[in-house]
>>> print(open('coords09.txt').read())   # compact mmCIF, C-alpha atoms (C1' of nucleotides) and all ligand atoms
# COMPACT_ATOMS: atom_id res chain seq x y z
CA MET A 1 104.47 -24.32 -84.16
CA GLU A 2 102.31 -21.60 -85.66
CA LEU A 3 100.89 -18.75 -83.55
CA LYS A 4 98.08 -16.49 -84.64
CA VAL A 5 95.98 -13.87 -82.91
CA VAL A 6 92.36 -14.92 -83.16
CA ASN A 7 90.33 -13.03 -85.71
CA ASP A 8 87.58 -10.83 -84.30
CA SER A 9 85.39 -11.27 -87.36
CA ARG A 10 84.46 -14.81 -86.41
CA ARG A 11 83.35 -13.73 -82.96
CA ALA A 12 79.96 -12.39 -84.03
CA ALA A 13 78.87 -15.71 -85.54
CA TYR A 14 80.23 -17.61 -82.57
CA ALA A 15 78.39 -15.33 -80.14
CA ARG A 16 75.14 -15.69 -82.04
CA GLY A 17 75.43 -19.45 -81.93
CA ARG A 18 76.11 -19.40 -78.20
CA MET A 19 73.19 -17.08 -77.47
CA ALA A 20 70.84 -19.28 -79.48
CA ASP A 21 70.87 -22.12 -76.99
CA PHE A 22 71.81 -20.19 -73.88
CA ALA A 23 68.32 -20.36 -72.38
CA ALA A 24 68.13 -24.08 -73.02
CA ARG A 25 71.55 -24.65 -71.45
CA CYS A 26 70.56 -22.65 -68.40
CA ARG A 27 67.45 -24.71 -67.86
CA ALA A 28 69.43 -27.89 -68.43
CA ALA A 29 71.65 -26.74 -65.58
CA GLY A 30 68.59 -26.10 -63.43
CA LEU A 31 68.92 -22.33 -63.52
CA PRO A 32 66.10 -19.90 -64.26
CA VAL A 33 66.78 -17.68 -67.26
CA THR A 34 66.76 -14.16 -65.90
CA PRO A 35 67.18 -11.03 -68.00
CA GLN A 36 70.31 -10.25 -66.01
CA ARG A 37 71.91 -13.54 -66.95
CA ALA A 38 71.08 -13.10 -70.59
CA ALA A 39 72.43 -9.54 -70.60
CA ILE A 40 75.62 -10.58 -68.86
CA ILE A 41 76.46 -13.51 -71.13
CA GLU A 42 75.60 -11.31 -74.08
CA ALA A 43 78.00 -8.60 -72.95
CA LEU A 44 80.69 -11.19 -72.26
CA LEU A 45 80.30 -12.74 -75.71
CA ARG A 46 80.42 -9.33 -77.35
CA ALA A 47 83.63 -8.37 -75.53
CA THR A 48 86.92 -9.33 -77.11
CA ASP A 49 89.16 -8.29 -74.27
CA HIS A 50 88.36 -10.60 -71.35
CA PRO A 51 86.62 -7.97 -69.27
CA ARG A 52 86.42 -7.58 -65.50
CA ALA A 53 83.14 -7.74 -63.61
CA GLU A 54 82.96 -3.97 -63.40
CA THR A 55 83.47 -3.51 -67.13
CA ILE A 56 80.70 -5.97 -67.89
CA CYS A 57 78.48 -4.25 -65.35
CA ALA A 58 78.98 -0.91 -67.07
CA GLU A 59 78.19 -2.47 -70.43
CA VAL A 60 75.06 -4.22 -69.13
CA ARG A 61 73.83 -1.04 -67.46
CA ARG A 62 73.59 0.73 -70.80
CA ARG A 63 70.39 -1.26 -71.35
CA HIS A 64 69.52 -2.35 -67.83
CA PRO A 65 70.61 0.52 -65.58
CA HIS A 66 69.30 -1.25 -62.49
CA VAL A 67 71.61 -4.29 -62.37
CA SER A 68 73.78 -4.60 -59.33
CA LEU A 69 77.53 -5.10 -59.48
CA ALA A 70 77.15 -7.91 -56.96
CA THR A 71 74.84 -9.67 -59.38
CA VAL A 72 77.42 -9.39 -62.13
CA HIS A 73 80.06 -10.94 -59.89
CA ARG A 74 77.69 -13.70 -58.82
CA THR A 75 76.48 -14.38 -62.34
CA LEU A 76 79.96 -14.56 -63.83
CA GLU A 77 80.92 -17.16 -61.25
CA THR A 78 77.71 -19.03 -62.00
CA LEU A 79 78.43 -18.97 -65.72
CA CYS A 80 81.85 -20.42 -65.03
CA ARG A 81 80.32 -23.13 -62.86
CA ILE A 82 77.93 -24.30 -65.58
CA GLY A 83 80.61 -24.03 -68.25
CA GLU A 84 79.25 -21.04 -70.16
CA ALA A 85 82.31 -18.93 -69.37
CA ARG A 86 85.70 -19.29 -67.81
CA LYS A 87 87.97 -17.24 -65.65
CA VAL A 88 91.20 -16.29 -67.40
CA THR A 89 92.87 -15.52 -64.10
CA THR A 90 92.86 -18.66 -62.00
CA LEU A 91 95.10 -17.15 -59.30
CA HIS A 92 93.92 -13.60 -59.04
CA ASP A 93 93.06 -13.58 -55.34
CA SER A 94 96.46 -12.92 -53.85
CA ALA A 95 99.93 -12.49 -55.25
CA ARG A 96 102.27 -15.48 -55.21
CA TYR A 97 106.04 -15.05 -55.35
CA ASP A 98 108.84 -17.22 -56.66
CA GLY A 99 112.50 -17.19 -55.71
CA ASN A 100 113.47 -19.59 -58.48
CA LEU A 101 114.82 -17.52 -61.35
CA LYS A 102 115.61 -20.45 -63.63
CA PRO A 103 113.17 -20.78 -66.53
CA HIS A 104 110.41 -23.15 -65.53
CA HIS A 105 106.64 -23.57 -65.51
CA HIS A 106 104.00 -24.34 -62.90
CA VAL A 107 101.40 -26.88 -61.95
CA VAL A 108 98.62 -25.47 -59.76
CA CYS A 109 96.17 -27.44 -57.63
CA VAL A 110 92.79 -25.87 -58.26
CA ARG A 111 91.60 -26.86 -54.78
CA CYS A 112 94.36 -25.98 -52.32
CA ARG A 113 96.28 -23.71 -54.70
CA ARG A 114 99.56 -25.46 -54.11
CA ILE A 115 101.98 -24.44 -56.86
CA ARG A 116 104.93 -26.60 -57.86
CA ASP A 117 107.67 -26.04 -60.38
CA VAL A 118 107.79 -28.13 -63.51
CA GLU A 119 110.30 -28.22 -66.30
CA ILE A 120 109.16 -29.17 -69.77
CA ALA A 121 112.11 -30.04 -71.92
CA GLY A 122 111.79 -28.68 -75.41
CA LEU A 123 108.81 -26.42 -74.80
CA ASP A 124 110.72 -23.18 -74.48
CA THR A 125 112.89 -23.95 -77.46
CA ALA A 126 109.85 -24.81 -79.55
CA LEU A 127 108.00 -21.66 -78.51
CA GLY A 128 111.02 -19.38 -78.73
CA GLY A 129 110.91 -19.35 -82.51
CA ALA A 130 107.15 -19.30 -82.83
CA ILE A 131 106.05 -16.43 -80.61
CA ARG A 132 105.38 -13.54 -82.96
CA ALA A 133 102.02 -12.07 -81.99
CA PRO A 134 101.08 -9.22 -84.35
CA GLY A 135 100.38 -6.06 -82.40
CA PHE A 136 102.45 -7.21 -79.42
CA LYS A 137 106.14 -7.27 -78.51
CA PRO A 138 106.58 -10.55 -76.64
CA LEU A 139 108.64 -10.47 -73.46
CA GLY A 140 108.22 -14.02 -72.22
CA TRP A 141 105.68 -16.71 -71.54
CA SER A 142 104.58 -19.15 -68.90
CA LEU A 143 102.60 -22.33 -68.95
CA GLU A 144 100.23 -23.04 -66.09
CA ILE A 145 98.97 -26.58 -65.67
CA GLN A 146 95.74 -26.79 -63.72
CA ALA A 147 95.45 -29.95 -61.68
CA VAL A 148 94.25 -31.59 -58.48
CA CYS A 149 97.02 -32.63 -56.13
CA ASP A 150 97.01 -36.07 -54.52
CA ASN A 151 96.38 -34.56 -51.09
CA CYS A 152 93.18 -32.94 -52.28
CA ALA A 153 92.17 -35.90 -54.40
CA ASN A 154 92.22 -38.20 -51.37
CA SER A 155 90.58 -35.97 -48.80
CA GLY A 156 87.34 -34.97 -50.45
CA GLU A 157 87.50 -31.68 -48.60
CA ARG A 158 88.31 -28.36 -50.19
CA ALA A 159 91.11 -26.41 -48.61
CA GLY A 160 91.00 -23.60 -51.15
CA ARG A 161 88.61 -20.87 -52.16
CA SER A 162 85.38 -21.23 -54.03
CA SER A 163 86.76 -21.04 -57.50
CA GLU A 164 87.72 -24.64 -57.98
CA THR A 165 85.15 -25.29 -60.60
CA SER A 166 85.46 -22.04 -62.46
CA GLY A 167 87.76 -21.65 -65.36
CA VAL A 168 89.02 -25.18 -65.65
CA GLY A 169 87.29 -27.92 -67.53
CA LYS A 170 87.97 -31.56 -68.17
CA THR A 171 89.34 -31.00 -71.62
CA PRO A 172 92.91 -29.99 -72.31
CA HIS A 173 93.53 -26.34 -71.93
CA ASN A 174 90.30 -25.21 -70.19
CA MET B 175 108.34 -33.14 -74.86
CA GLU B 176 109.32 -34.35 -71.39
CA LEU B 177 107.77 -32.94 -68.22
CA LYS B 178 109.21 -33.31 -64.76
CA VAL B 179 108.41 -31.81 -61.38
CA VAL B 180 111.49 -30.02 -60.14
CA ASN B 181 113.43 -31.85 -57.46
CA ASP B 182 113.44 -30.16 -54.05
CA SER B 183 116.87 -31.52 -53.18
CA ARG B 184 118.60 -29.09 -55.51
CA ARG B 185 116.85 -26.13 -53.94
CA ALA B 186 119.11 -25.93 -50.91
CA ALA B 187 122.27 -25.55 -52.99
CA TYR B 188 120.55 -23.06 -55.28
CA ALA B 189 119.33 -21.02 -52.32
CA ARG B 190 122.80 -20.99 -50.74
CA GLY B 191 124.30 -19.74 -53.97
CA ARG B 192 121.70 -17.01 -54.26
CA MET B 193 122.15 -15.87 -50.67
CA ALA B 194 125.91 -15.70 -51.13
CA ASP B 195 125.81 -12.70 -53.42
CA PHE B 196 122.49 -11.22 -52.34
CA ALA B 197 124.07 -8.34 -50.44
CA ALA B 198 126.31 -7.50 -53.37
CA ARG B 199 123.41 -7.58 -55.79
CA CYS B 200 121.37 -5.30 -53.54
CA ARG B 201 124.14 -2.73 -53.42
CA ALA B 202 124.64 -3.04 -57.15
CA ALA B 203 120.98 -2.08 -57.47
CA GLY B 204 121.52 0.86 -55.14
CA LEU B 205 119.56 -0.64 -52.26
CA PRO B 206 120.73 -0.81 -48.65
CA VAL B 207 120.93 -4.34 -47.27
CA THR B 208 118.52 -4.41 -44.37
CA PRO B 209 117.95 -7.40 -42.10
CA GLN B 210 114.34 -7.46 -43.26
CA ARG B 211 115.35 -7.82 -46.89
CA ALA B 212 117.77 -10.60 -46.08
CA ALA B 213 115.18 -12.43 -43.99
CA ILE B 214 112.53 -12.09 -46.67
CA ILE B 215 114.64 -13.34 -49.57
CA GLU B 216 115.87 -16.15 -47.32
CA ALA B 217 112.31 -17.21 -46.51
CA LEU B 218 111.35 -16.99 -50.17
CA LEU B 219 114.30 -19.12 -51.25
CA ARG B 220 113.54 -21.68 -48.56
CA ALA B 221 109.90 -21.98 -49.62
CA THR B 222 109.04 -24.45 -52.36
CA ASP B 223 105.43 -23.48 -52.74
CA HIS B 224 105.39 -19.95 -54.13
CA PRO B 225 104.12 -18.29 -50.96
CA ARG B 226 101.95 -15.24 -50.50
CA ALA B 227 103.14 -12.15 -48.68
CA GLU B 228 101.35 -13.16 -45.51
CA THR B 229 102.92 -16.63 -45.48
CA ILE B 230 106.38 -15.16 -45.87
CA CYS B 231 105.62 -12.64 -43.15
CA ALA B 232 104.65 -15.42 -40.75
CA GLU B 233 107.84 -17.30 -41.60
CA VAL B 234 110.04 -14.23 -41.17
CA ARG B 235 108.40 -13.36 -37.85
CA ARG B 236 109.61 -16.62 -36.32
CA ARG B 237 113.02 -14.95 -36.07
CA HIS B 238 112.13 -11.27 -36.40
CA PRO B 239 108.76 -10.89 -34.69
CA HIS B 240 108.74 -7.16 -35.31
CA VAL B 241 108.55 -7.08 -39.12
CA SER B 242 105.53 -5.42 -40.62
CA LEU B 243 103.32 -7.08 -43.20
CA ALA B 244 103.49 -3.88 -45.23
CA THR B 245 107.27 -4.23 -45.36
CA VAL B 246 106.94 -7.77 -46.66
CA HIS B 247 104.62 -6.57 -49.42
CA ARG B 248 106.94 -3.69 -50.27
CA THR B 249 110.05 -5.82 -50.17
CA LEU B 250 108.64 -8.57 -52.36
CA GLU B 251 107.75 -6.00 -55.00
CA THR B 252 111.23 -4.52 -54.67
CA LEU B 253 112.83 -7.93 -55.08
CA CYS B 254 110.81 -8.43 -58.26
CA ARG B 255 111.88 -5.04 -59.53
CA ILE B 256 115.59 -5.79 -59.13
CA GLY B 257 115.19 -9.29 -60.53
CA GLU B 258 115.78 -11.25 -57.31
CA ALA B 259 112.26 -12.71 -57.36
CA ARG B 260 109.28 -12.85 -59.61
CA LYS B 261 105.54 -12.81 -59.25
CA VAL B 262 103.93 -16.05 -60.37
CA THR B 263 100.56 -14.35 -60.69
CA THR B 264 100.84 -11.58 -63.23
CA LEU B 265 97.08 -10.92 -63.25
CA HIS B 266 96.05 -11.34 -59.65
CA ASP B 267 94.50 -7.91 -59.13
CA SER B 268 91.03 -8.50 -60.50
CA ALA B 269 89.29 -11.43 -62.14
CA ARG B 270 89.04 -11.48 -65.93
CA TYR B 271 86.40 -13.54 -67.72
CA ASP B 272 86.27 -15.19 -71.11
CA GLY B 273 83.22 -16.18 -73.15
CA ASN B 274 85.28 -18.06 -75.71
CA LEU B 275 85.08 -21.73 -74.83
CA LYS B 276 87.20 -22.95 -77.71
CA PRO B 277 90.69 -24.07 -76.63
CA HIS B 278 93.06 -21.15 -76.98
CA HIS B 279 95.78 -19.22 -75.20
CA HIS B 280 96.40 -15.59 -74.28
CA VAL B 281 98.78 -12.73 -74.86
CA VAL B 282 98.76 -10.13 -72.08
CA CYS B 283 100.07 -6.59 -72.27
CA VAL B 284 102.00 -6.06 -69.05
CA ARG B 285 101.23 -2.32 -69.14
CA CYS B 286 97.56 -1.88 -69.98
CA ARG B 287 96.60 -5.50 -69.23
CA ARG B 288 94.85 -5.96 -72.54
CA ILE B 289 94.33 -9.69 -73.12
CA ARG B 290 93.89 -11.15 -76.58
CA ASP B 291 93.24 -14.68 -77.73
CA VAL B 292 95.93 -16.58 -79.57
CA GLU B 293 95.89 -19.99 -81.13
CA ILE B 294 99.10 -21.97 -81.31
CA ALA B 295 98.74 -24.81 -83.72
CA GLY B 296 100.34 -27.97 -82.48
CA LEU B 297 100.97 -26.84 -78.92
CA ASP B 298 98.00 -28.55 -77.33
CA THR B 299 98.59 -31.76 -79.25
CA ALA B 300 102.24 -31.75 -78.24
CA LEU B 301 101.44 -31.08 -74.58
CA GLY B 302 98.48 -33.46 -74.48
CA GLY B 303 100.71 -36.49 -74.46
CA ALA B 304 103.41 -35.02 -72.26
CA ILE B 305 101.53 -33.68 -69.24
CA ARG B 306 101.98 -36.28 -66.53
CA ALA B 307 102.96 -34.43 -63.37
CA PRO B 308 103.62 -36.90 -60.54
CA GLY B 309 101.51 -36.04 -57.50
CA PHE B 310 98.95 -34.17 -59.60
CA LYS B 311 95.97 -35.11 -61.77
CA PRO B 312 96.14 -32.66 -64.69
CA LEU B 313 92.89 -31.04 -65.75
CA GLY B 314 94.13 -28.64 -68.38
CA TRP B 315 96.69 -25.99 -69.12
CA SER B 316 97.05 -22.51 -70.46
CA LEU B 317 99.89 -20.56 -71.91
CA GLU B 318 100.18 -16.88 -71.10
CA ILE B 319 102.42 -14.75 -73.28
CA GLN B 320 103.60 -11.57 -71.58
CA ALA B 321 104.06 -8.70 -74.00
CA VAL B 322 103.79 -4.97 -74.60
CA CYS B 323 101.04 -4.00 -77.00
CA ASP B 324 101.69 -1.51 -79.80
CA ASN B 325 99.45 1.07 -78.16
CA CYS B 326 101.53 1.06 -75.01
CA ALA B 327 104.82 0.81 -76.88
CA ASN B 328 104.06 4.03 -78.74
CA SER B 329 102.64 6.14 -75.95
CA GLY B 330 105.31 5.97 -73.29
CA GLU B 331 102.58 6.26 -70.67
CA ARG B 332 101.44 3.45 -68.44
CA ALA B 333 97.75 2.79 -68.36
CA GLY B 334 98.01 -0.18 -66.03
CA ARG B 335 99.04 -0.87 -62.46
CA SER B 336 102.50 -0.80 -60.97
CA SER B 337 103.45 -4.36 -61.63
CA GLU B 338 104.76 -3.94 -65.13
CA THR B 339 108.31 -4.66 -64.16
CA SER B 340 107.65 -7.45 -61.72
CA GLY B 341 107.44 -11.00 -62.84
CA VAL B 342 108.47 -10.56 -66.42
CA GLY B 343 112.00 -10.40 -67.62
CA LYS B 344 113.66 -10.09 -70.97
CA THR B 345 114.42 -13.77 -71.24
CA PRO B 346 111.96 -16.32 -72.51
CA HIS B 347 109.61 -17.77 -69.95
CA ASN B 348 109.53 -15.84 -66.74
C1' DT C 349 45.75 -17.26 -66.35
C1' DT C 350 46.72 -17.11 -61.50
C1' DC C 351 49.15 -19.06 -57.57
C1' DT C 352 53.24 -20.42 -55.20
C1' DC C 353 57.91 -20.60 -53.77
C1' DA C 354 62.86 -21.70 -54.40
C1' DG C 355 66.03 -19.21 -55.86
C1' DA C 356 67.68 -14.64 -57.91
C1' DT C 357 68.39 -9.86 -57.26
C1' DG C 358 69.56 -5.17 -55.26
C1' DA C 359 71.28 -2.57 -51.59
C1' DT C 360 74.62 -2.53 -48.54
C1' DA C 361 77.80 -4.23 -44.97
C1' DA C 362 81.81 -6.99 -44.25
C1' DT C 363 86.03 -9.06 -45.54
C1' DT C 364 90.47 -9.54 -47.81
C1' DA C 365 94.49 -8.04 -50.15
C1' DT C 366 97.16 -4.33 -51.21
C1' DT C 367 98.85 0.39 -51.22
C1' DA C 368 99.49 5.09 -49.21
C1' DT C 369 100.84 8.07 -45.42
C1' DC C 370 103.81 9.67 -42.11
C1' DG C 371 106.77 9.91 -38.12
C1' DT C 372 110.85 7.42 -36.68
C1' DC C 373 114.86 4.60 -37.39
C1' DC C 374 119.08 2.90 -39.45
C1' DG C 375 122.62 1.37 -43.21
C1' DG C 376 126.24 3.33 -45.66
C1' DT C 377 129.42 6.69 -46.25
C1' DA C 378 132.52 10.59 -45.13
C1' DT D 379 131.04 9.22 -34.95
C1' DA D 380 127.65 12.31 -37.36
C1' DC D 381 124.78 12.80 -41.24
C1' DC D 382 121.22 11.84 -44.63
C1' DG D 383 118.10 9.51 -47.74
C1' DG D 384 115.81 5.73 -47.90
C1' DA D 385 113.52 1.88 -45.22
C1' DC D 386 110.55 0.51 -41.57
C1' DG D 387 106.37 0.01 -38.49
C1' DA D 388 101.90 1.43 -37.48
C1' DT D 389 97.90 2.50 -39.31
C1' DA D 390 94.58 4.54 -42.52
C1' DA D 391 92.81 4.22 -47.07
C1' DT D 392 91.58 1.91 -51.21
C1' DA D 393 90.01 -1.78 -54.32
C1' DA D 394 87.96 -6.18 -55.29
C1' DT D 395 85.13 -9.57 -53.82
C1' DT D 396 81.89 -11.92 -50.90
C1' DA D 397 78.16 -12.14 -47.34
C1' DT D 398 73.73 -10.71 -45.61
C1' DC D 399 69.06 -10.05 -45.93
C1' DA D 400 64.68 -8.15 -47.39
C1' DT D 401 62.24 -8.24 -51.60
C1' DC D 402 61.11 -9.79 -56.13
C1' DT D 403 60.39 -13.05 -60.03
C1' DG D 404 60.78 -17.13 -63.36
C1' DA D 405 58.61 -21.17 -64.18
C1' DG D 406 55.95 -25.04 -63.03
C1' DA D 407 51.36 -26.42 -60.81
C1' DA D 408 46.59 -25.78 -60.47
MN MN A 501 108.27 -21.52 -59.65
MN MN A 502 90.34 -15.89 -74.36
ZN ZN A 503 95.58 -29.60 -53.56
ZN ZN A 504 99.12 -2.25 -73.64
>>> encode(input="coords09.txt", output="structure tokens", more="lines below")
Ligand SMILES: [Mn+2]
Ligand SMILES: [Mn+2]
Ligand SMILES: [Zn+2]
Ligand SMILES: [Zn+2]
Amino acid sequence: MELKVVNDSRRAAYARGRMADFAARCRAAGLPVTPQRAAIIEALLRATDHPRAETICAEVRRRHPHVSLATVHRTLETLCRIGEARKVTTLHDSARYDGNLKPHHHVVCVRCRRIRDVEIAGLDTALGGAIRAPGFKPLGWSLEIQAVCDNCANSGERAGRSSETSGVGKTPHN
Amino acid sequence: MELKVVNDSRRAAYARGRMADFAARCRAAGLPVTPQRAAIIEALLRATDHPRAETICAEVRRRHPHVSLATVHRTLETLCRIGEARKVTTLHDSARYDGNLKPHHHVVCVRCRRIRDVEIAGLDTALGGAIRAPGFKPLGWSLEIQAVCDNCANSGERAGRSSETSGVGKTPHN
DNA sequence: TTCTCAGATGATAATTATTATCGTCCGGTA
DNA sequence: TACCGGACGATAATAATTATCATCTGAGAA
């Protein structure tokens, strides 16, 4: 299993491609194309470090000093909803603790935020030899499986917060 | 690669074992053994769903109605620091967004919270066939590698928040 | 082009989670 | 049993996010 840190040099081309049809994709999603939205996706695509709302806001304000931080928050969630961005941190709202010290991984229900332990035989052994990220000293790793639990699947209701749709797509990984 | 949801039935025995030497391990870490600490670790070990501070507080208050929520927060962080618990959510403090829609994973510096993209050839293919968690409909997954970046390793300073030590251990996974 | 309006934005208040402060209390040791 | 440093409870402060609401604007209709 080969690990490599993604090369920044390809980002520019990727970003340009994404910006090219951004307006069209907005309209396809039924959203007006506002200058704020364009500036925000542009800043997000330019960033290589998975920025927070406030960082993006600061970046956007260099050209559009009037934009509100609330708009940046709202827009980022909107971009996640229409699949133009994703949230790296699916469980950032409140800290969750674990008393189980044995190596294991987690499956998370994106609706009710239930978290259950899972063991994946062979994964840790396979990764153990492969994790050599240049520029970083690895300490450990954890796999999070995003899912919908049977409870939530049956009852159409949402027990969790608003972020069900953000960050997780249909395709493997997000 | 075989995935299985961890059986609850083994939890009771595990919890009993952990409680047995909890006092000793506290003293070994130089911490007084207070009734609050015992009650909190007990509640955490009893829980199977990776509770939040407030949930644990509610549970603890059934027997000790006087405990403060602040103490529960403090104690959970302390337990993480001495390795009696861990935080499932290493990046819960503020949301981080990603414009890169291509399947990839992340390496996170536990000090400055820098997040970089990594690609791990073969991982997604290997997991794709294996992810069948009973009770859950999987939507996707993501691997987070905890690490210390070279910047932080050199400068002994901490640029990030307090949670460097919590949640991540020396051993693979955490 | 001008008109119209649903929805977007900005300003700001409210909410939520967490951490800091500080006076009092107590576990551990002599 | 008396002492002391750290832990606790109460509460204030902070940080991130979300809600509210008056105003503005993108985009289709005329
Ligand atoms: Mn767990
Ligand atoms: Mn990424
Ligand atoms: Zn659920
Ligand atoms: Zn760092």
>>> interface_residues(input="coords09.txt", of="chain B", to="chain D", cutoff="7 Å", atoms="all atoms listed in the file", output="list in words")
Ser242, Thr245 and Ser268 of chain B
>>> write_last_selection(input="coords09.txt", atoms="C-alpha atoms", output="PDB file, in the coordinates of the input")
ATOM      1  CA  SER B 242     105.530  -5.420 -40.620  1.00  0.00           C
ATOM      2  CA  THR B 245     107.270  -4.230 -45.360  1.00  0.00           C
ATOM      3  CA  SER B 268      91.030  -8.500 -60.500  1.00  0.00           C
TER       4      SER B 268
END
>>> residues_around(input="coords09.txt", residues="Ile230 (chain B)", least_positions_apart="6", cutoff="12 Å", atoms="only C-alpha atoms (C1' of nucleotides)", output="JSON, numbers by chain")
{"A": [95, 96, 97, 98, 99], "B": [210, 211, 213, 214, 215, 216, 217, 218, 219, 220, 221, 222, 223, 224, 236, 237, 238, 241, 242, 243, 244, 245, 246, 247, 249, 250]}
>>> interface_residues(input="coords09.txt", of="chain C", to="chain A", cutoff="8 Å", atoms="all atoms listed in the file", output="ChimeraX atom specification")
/C:357-358,365
>>> residues_near_ligand(input="coords09.txt", ligand="ligand MN 502 (chain A)", cutoff="10 Å", atoms="all atoms listed in the file", output="number ranges by chain")
A: 6, 48-50, 85-88; B: 270-281, 289-293
>>> residues_near_ligand(input="coords09.txt", ligand="ligand ZN 503 (chain A)", cutoff="9 Å", atoms="all atoms listed in the file", output="PDB file with C-alpha atoms, in the coordinates of the input")
ATOM      1  CA  VAL A 108      98.620 -25.470 -59.760  1.00  0.00           C
ATOM      2  CA  CYS A 109      96.170 -27.440 -57.630  1.00  0.00           C
ATOM      3  CA  VAL A 110      92.790 -25.870 -58.260  1.00  0.00           C
ATOM      4  CA  ARG A 111      91.600 -26.860 -54.780  1.00  0.00           C
ATOM      5  CA  CYS A 112      94.360 -25.980 -52.320  1.00  0.00           C
ATOM      6  CA  ARG A 113      96.280 -23.710 -54.700  1.00  0.00           C
ATOM      7  CA  ARG A 114      99.560 -25.460 -54.110  1.00  0.00           C
ATOM      8  CA  ILE A 115     101.980 -24.440 -56.860  1.00  0.00           C
ATOM      9  CA  ALA A 147      95.450 -29.950 -61.680  1.00  0.00           C
ATOM     10  CA  VAL A 148      94.250 -31.590 -58.480  1.00  0.00           C
ATOM     11  CA  CYS A 149      97.020 -32.630 -56.130  1.00  0.00           C
ATOM     12  CA  ASP A 150      97.010 -36.070 -54.520  1.00  0.00           C
ATOM     13  CA  ASN A 151      96.380 -34.560 -51.090  1.00  0.00           C
ATOM     14  CA  CYS A 152      93.180 -32.940 -52.280  1.00  0.00           C
ATOM     15  CA  ALA A 153      92.170 -35.900 -54.400  1.00  0.00           C
ATOM     16  CA  ARG A 158      88.310 -28.360 -50.190  1.00  0.00           C
ATOM     17  CA  ALA A 159      91.110 -26.410 -48.610  1.00  0.00           C
ATOM     18  CA  GLY A 160      91.000 -23.600 -51.150  1.00  0.00           C
TER      19      GLY A 160
ATOM     20  CA  PHE B 310      98.950 -34.170 -59.600  1.00  0.00           C
TER      21      PHE B 310
END
>>> atom_distance(input="coords09.txt", atom1="CA of Ile120 (chain A)", atom2="CA of Lys178 (chain B)")
6.5 Å
>>> closest_residue(input="coords09.txt", among="A:Arg16, A:Gly135, A:Gln146, A:Phe22", to="Thr90 (chain A)", atoms="all atoms listed in the file")
A:Gln146
>>> closest_residue(input="coords09.txt", among="B:Met193, B:Ala295, B:Ile305, B:Ala232", to="chain A", atoms="only C-alpha atoms")
B:Ala295
>>> atom_distance(input="coords09.txt", atom1="CA of His92 (chain A)", atom2="CA of Ala53 (chain A)")
13.1 Å
>>> atom_distance(input="coords09.txt", atom1="CA of Trp315 (chain B)", atom2="CA of Asp298 (chain B)")
8.7 Å
>>> closest_residue(input="coords09.txt", among="B:Ala187, B:Leu265, B:Ala300, B:Val234", to="chain A", atoms="all atoms listed in the file")
B:Leu265
>>> closest_residue(input="coords09.txt", among="A:Leu143, A:Ala12, A:Leu127, A:Cys26", to="chain B", atoms="all atoms listed in the file")
A:Leu143
>>> closest_residue(input="coords09.txt", among="B:Cys254, B:Ala194, B:Cys231, B:Ala203", to="chain A", atoms="all atoms listed in the file")
B:Cys254
>>> closest_residue(input="coords09.txt", among="B:Arg235, B:Arg226, B:Arg306, B:Arg184", to="chain A", atoms="all atoms listed in the file")
B:Arg226
